[in-house]
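Asker: Okay, so here is entry.txt, and as you'll see once you scroll down, it has compact mmCIF, C-alpha atoms.
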```
# COMPACT_ATOMS: atom_id res chain seq x y z
CA MET E 189 75.75 69.29 38.00
CA ASN E 190 79.09 71.13 38.06
CA ASN E 191 80.92 67.85 37.50
CA LEU E 192 78.75 67.13 34.45
CA LYS E 193 79.53 70.57 32.98
CA ARG E 194 83.21 70.03 33.65
CA ILE E 195 83.18 66.61 31.92
CA VAL E 196 81.27 67.98 28.91
CA SER E 197 83.72 70.89 28.67
CA ILE E 198 86.73 68.55 28.77
CA VAL E 199 85.21 66.31 26.09
CA LEU E 200 84.45 69.29 23.83
CA ILE E 201 87.92 70.78 24.26
CA THR E 202 89.48 67.40 23.50
CA LEU E 203 87.36 66.96 20.36
CA LEU E 204 88.22 70.46 19.16
CA ALA E 205 91.91 69.88 19.79
CA LEU E 206 91.87 66.63 17.82
CA ALA E 207 89.79 67.92 14.90
CA PRO E 208 92.66 69.61 13.02
CA VAL E 209 94.83 66.51 13.39
CA ALA E 210 92.14 64.31 11.90
CA THR E 211 91.67 66.57 8.90
CA LEU E 212 95.43 66.82 8.24
CA ALA E 213 96.10 63.08 8.38
CA ALA E 214 96.24 61.90 4.79
CA PRO E 215 95.10 58.36 4.13
CA TYR E 216 97.71 55.99 2.78
CA ARG E 217 97.35 54.57 -0.71
CA THR E 218 99.41 52.00 -2.55
CA LEU E 219 102.01 53.90 -4.56
CA TYR E 220 102.75 52.84 -8.11
CA TYR E 221 105.26 53.92 -10.74
CA GLY E 222 104.21 57.33 -12.06
CA ASP E 223 102.29 58.39 -8.94
CA ASN E 224 103.14 61.75 -7.42
CA GLY E 225 102.22 63.79 -4.41
CA SER E 226 103.17 64.70 -0.90
CA ASP E 227 102.81 61.08 0.22
CA VAL E 228 105.54 60.07 -2.25
CA LYS E 229 107.72 62.90 -0.91
CA VAL E 230 107.29 61.61 2.64
CA ILE E 231 108.43 58.13 1.59
CA GLN E 232 111.37 59.54 -0.40
CA LYS E 233 112.53 61.66 2.58
CA LYS E 234 112.35 58.72 4.95
CA LEU E 235 114.09 56.35 2.50
CA LYS E 236 116.81 58.97 2.04
CA SER E 237 117.31 59.34 5.79
CA LEU E 238 117.64 55.55 6.03
CA GLY E 239 120.21 55.46 3.21
CA PHE E 240 118.07 53.69 0.60
CA PHE E 241 117.16 56.63 -1.68
CA ASN E 242 119.75 58.74 -3.49
CA GLY E 243 117.58 60.81 -5.79
CA THR E 244 116.02 64.24 -5.62
CA ILE E 245 113.03 64.47 -3.32
CA GLY E 246 110.43 65.64 -5.78
CA GLY E 247 107.35 63.62 -4.94
CA ASN E 248 107.43 61.53 -8.12
CA TYR E 249 107.40 57.73 -7.82
CA LEU E 250 109.77 56.92 -10.67
CA ASP E 251 112.88 54.76 -11.22
CA LYS E 252 114.94 55.89 -8.22
CA THR E 253 112.01 55.66 -5.81
CA THR E 254 111.13 52.20 -7.12
CA ALA E 255 114.76 51.10 -6.70
CA ALA E 256 114.90 52.53 -3.17
CA VAL E 257 111.73 50.72 -2.11
CA ARG E 258 113.12 47.50 -3.60
CA ARG E 259 116.37 47.93 -1.64
CA PHE E 260 114.37 48.56 1.54
CA GLU E 261 112.28 45.44 0.84
CA GLU E 262 115.43 43.41 0.20
CA TYR E 263 117.12 44.65 3.36
CA TYR E 264 114.14 43.72 5.53
CA GLY E 265 113.53 40.39 3.79
CA TYR E 266 110.37 41.26 1.89
CA THR E 267 109.61 40.14 -1.65
CA LYS E 268 110.83 42.92 -3.95
CA THR E 269 108.03 44.70 -5.80
CA ASN E 270 107.63 47.66 -8.15
CA TYR E 271 105.11 49.42 -5.89
CA CYS E 272 104.79 50.48 -2.26
CA THR E 273 101.83 49.09 -0.32
CA VAL E 274 100.21 50.81 2.64
CA LYS E 275 101.81 48.22 4.93
CA MET E 276 105.25 48.87 3.41
CA GLN E 277 104.83 52.66 3.76
CA ARG E 278 104.05 52.23 7.45
CA HIS E 279 107.13 50.03 7.83
CA ILE E 280 109.29 52.63 6.04
CA ILE E 281 107.90 55.51 8.14
CA ASN E 282 108.50 53.62 11.39
CA ALA E 283 111.93 52.24 10.46
CA VAL E 284 114.89 53.38 12.51
CA LYS E 285 118.35 53.42 11.00
CA PRO E 286 120.65 51.30 13.09
CA SER E 287 124.20 52.58 13.45
CA ASP E 288 125.53 49.60 11.50
CA VAL E 289 123.16 49.39 8.51
CA TYR E 290 124.18 47.43 5.47
CA ARG E 291 122.36 47.55 2.15
CA THR E 292 123.22 46.14 -1.22
CA ILE E 293 125.11 48.94 -2.94
CA HIS E 294 124.39 49.39 -6.64
CA TYR E 295 126.05 51.48 -9.35
CA GLY E 296 125.18 55.14 -8.76
CA ASP E 297 124.47 54.75 -5.02
CA TYR E 298 126.25 57.00 -2.57
CA GLY E 299 126.64 57.44 1.16
CA GLU E 300 128.85 56.89 4.17
CA ASP E 301 128.68 53.14 3.64
CA VAL E 302 130.27 53.59 0.21
CA LYS E 303 132.98 55.80 1.73
CA ASN E 304 133.71 53.08 4.28
CA ILE E 305 134.08 50.49 1.51
CA GLN E 306 136.30 52.87 -0.50
CA ARG E 307 138.54 53.55 2.52
CA ARG E 308 138.99 49.86 3.27
CA LEU E 309 139.56 48.91 -0.38
CA LYS E 310 142.11 51.75 -0.66
CA ALA E 311 143.94 50.51 2.43
CA MET E 312 144.10 47.04 0.86
CA GLY E 313 145.35 48.40 -2.48
CA TYR E 314 142.20 47.76 -4.52
CA PHE E 315 140.94 51.33 -4.85
CA ASN E 316 143.03 54.29 -5.94
CA GLY E 317 140.32 56.90 -6.49
CA THR E 318 139.05 59.72 -4.34
CA ILE E 319 137.02 58.78 -1.26
CA GLY E 320 133.82 60.49 -2.35
CA GLY E 321 131.11 58.04 -1.35
CA ASN E 322 129.91 57.38 -4.91
CA TYR E 323 129.66 53.78 -6.12
CA LEU E 324 130.81 54.39 -9.68
CA LYS E 325 133.28 52.75 -12.11
CA GLN E 326 136.40 52.80 -9.92
CA THR E 327 134.65 51.55 -6.80
CA ARG E 328 132.79 48.87 -8.75
CA ALA E 329 136.07 47.72 -10.35
CA ALA E 330 137.76 47.57 -6.92
CA VAL E 331 134.92 45.48 -5.46
CA LYS E 332 135.06 43.14 -8.46
CA ALA E 333 138.83 42.73 -8.09
CA PHE E 334 138.39 41.96 -4.39
CA GLN E 335 135.64 39.43 -5.17
CA ARG E 336 137.84 37.78 -7.82
CA ASP E 337 140.91 37.58 -5.56
CA PHE E 338 138.96 36.00 -2.71
CA ASN E 339 136.94 33.60 -4.92
CA TYR E 340 133.57 35.27 -4.45
CA LYS E 341 130.99 35.53 -7.21
CA VAL E 342 131.98 38.61 -9.23
CA THR E 343 129.08 41.06 -9.45
CA ASN E 344 128.41 44.68 -10.39
CA TYR E 345 127.18 45.46 -6.88
CA CYS E 346 128.31 45.08 -3.28
CA THR E 347 126.00 42.94 -1.16
CA MET E 348 125.53 43.38 2.58
CA HIS E 349 127.63 40.26 3.17
CA MET E 350 130.40 41.47 0.83
CA GLN E 351 130.60 44.77 2.74
CA LYS E 352 131.01 42.89 6.01
CA VAL E 353 133.78 40.80 4.41
CA ILE E 354 135.56 43.87 3.04
CA LEU E 355 135.22 45.73 6.34
CA GLY E 356 136.40 42.67 8.29
CA LYS E 357 133.10 42.21 10.14
CA ALA E 358 131.97 38.91 8.59
```
Rewrite the structure of this file - the entire thing - as structure tokens.
Answerer:
Amino acid sequence: MNNLKRIVSIVLITLLALAPVATLAAPYRTLYYGDNGSDVKVIQKKLKSLGFFNGTIGGNYLDKTTAAVRRFEEYYGYTKTNYCTVKMQRHIINAVKPSDVYRTIHYGDYGEDVKNIQRRLKAMGYFNGTIGGNYLKQTRAAVKAFQRDFNYKVTNYCTMHMQKVILGKA
């Protein structure tokens, strides 16, 4: 009888301990342009930590969040969309940033990867601006000049492959 009481007590304590967790766990929903809430904030924070989001974390699924999700999708080989499915959110949440992450860098993006490109382009004589980590006019012009000189397709962005070429890792 004592063993039965002990088992019942352990089960009750376990259920009580898990109850708050179950009530705090928010269900996922597909996120669309214009959505807002704490679930959007969570995705924005994670995308920022991975280097895909460069906006303000405000919990609004607008242009910058859409662009960040599309960059994440592109990086991982998914079809680019204008929304974030439950499956994609789980992938984003569980993603780990490798030490050597490449992403397609677009006008307005910033980060250490942009600084690395700027440093290398400066060393090669293509970039004469300040190493600030912002992919703006001067950096874009330097990448375009590099692409032109080495017979690559000239674009307004810096693909993952182009970064590896510039950094000498291709």
Asker: Suppose you want the space between CA of Gly320 in chain E and CA of Gln306 in chain E; what is it in Å?
Answerer: 8.2 Å
Asker: At a cut-off of 9 Å, using only C-alpha atoms, what residues contact Arg291 in chain E? Leave out same-chain residues fewer than 3 positions from it and give the result as a list in words.
Answerer: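 Those residues are Gly239, Phe240, Arg259, Phe260, Glu262, Tyr263, Asp301, Cys346, Thr347, Met348 and Gln351 of chain E.
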Asker: Can I get the selection written as a JSON list (two decimals), in the frame of the given file, with C-alpha atoms?
Answerer:
```json
[["chain", "number", "residue", "atom", "x", "y", "z"],
["E", 239, "GLY", "CA", 120.21, 55.46, 3.21],
["E", 240, "PHE", "CA", 118.07, 53.69, 0.60],
["E", 259, "ARG", "CA", 116.37, 47.93, -1.64],
["E", 260, "PHE", "CA", 114.37, 48.56, 1.54],
["E", 262, "GLU", "CA", 115.43, 43.41, 0.20],
["E", 263, "TYR", "CA", 117.12, 44.65, 3.36],
["E", 301, "ASP", "CA", 128.68, 53.14, 3.64],
["E", 346, "CYS", "CA", 128.31, 45.08, -3.28],
["E", 347, "THR", "CA", 126.00, 42.94, -1.16],
["E", 348, "MET", "CA", 125.53, 43.38, 2.58],
["E", 351, "GLN", "CA", 130.60, 44.77, 2.74]]
```
Asker: My list of candidates is E:Val274, E:Val342, E:Val230, E:Met312. Which is closest to Ala329 in chain E when distances are computed with only C-alpha atoms?
Answerer: E:Val342
Asker: Record the distance separating CA of Lys268 in chain E and CA of Leu219 in chain E, expressed in Å with one decimal.
Answerer: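 Interatomic distance here is 14.1 Å.
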Asker: Quick one: distance from CA of Gly317 in chain E to CA of Ala333 in chain E in Å, one decimal?
Answerer: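 Going from CA of Gly317 in chain E over to CA of Ala333 in chain E covers 14.3 Å.
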Asker: Might you pull out every residue within 12 Å of Thr267 in chain E, with only C-alpha atoms counted and same-chain residues fewer than 6 positions away left off, and present them as number ranges by chain?
Answerer: E: 257-261, 273, 276
Asker: Tell me which of E:Phe241, E:Tyr345, E:Phe334, E:Tyr216 sits closest to Gln277 in chain E, counting all atoms listed in the file.
Answerer: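 Among E:Phe241, E:Tyr345, E:Phe334, E:Tyr216, it is E:Tyr216 that comes nearest to Gln277 in chain E.
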Asker: Quick one: residues within 10 Å of range 324-327 of chain E, all atoms listed in the file counted, chain neighbours fewer than 5 positions away excluded, as an MDAnalysis selection string?
Answerer: chainID E and resid 294:298 302:303 305:306 309:310 314:319 332:333 344:346
Asker: For Asn270 in chain E, which residue out of E:Gly225, E:Ile293, E:Thr218, E:Gln232 is the nearest one, using all atoms listed in the file?
Answerer: E:Thr218
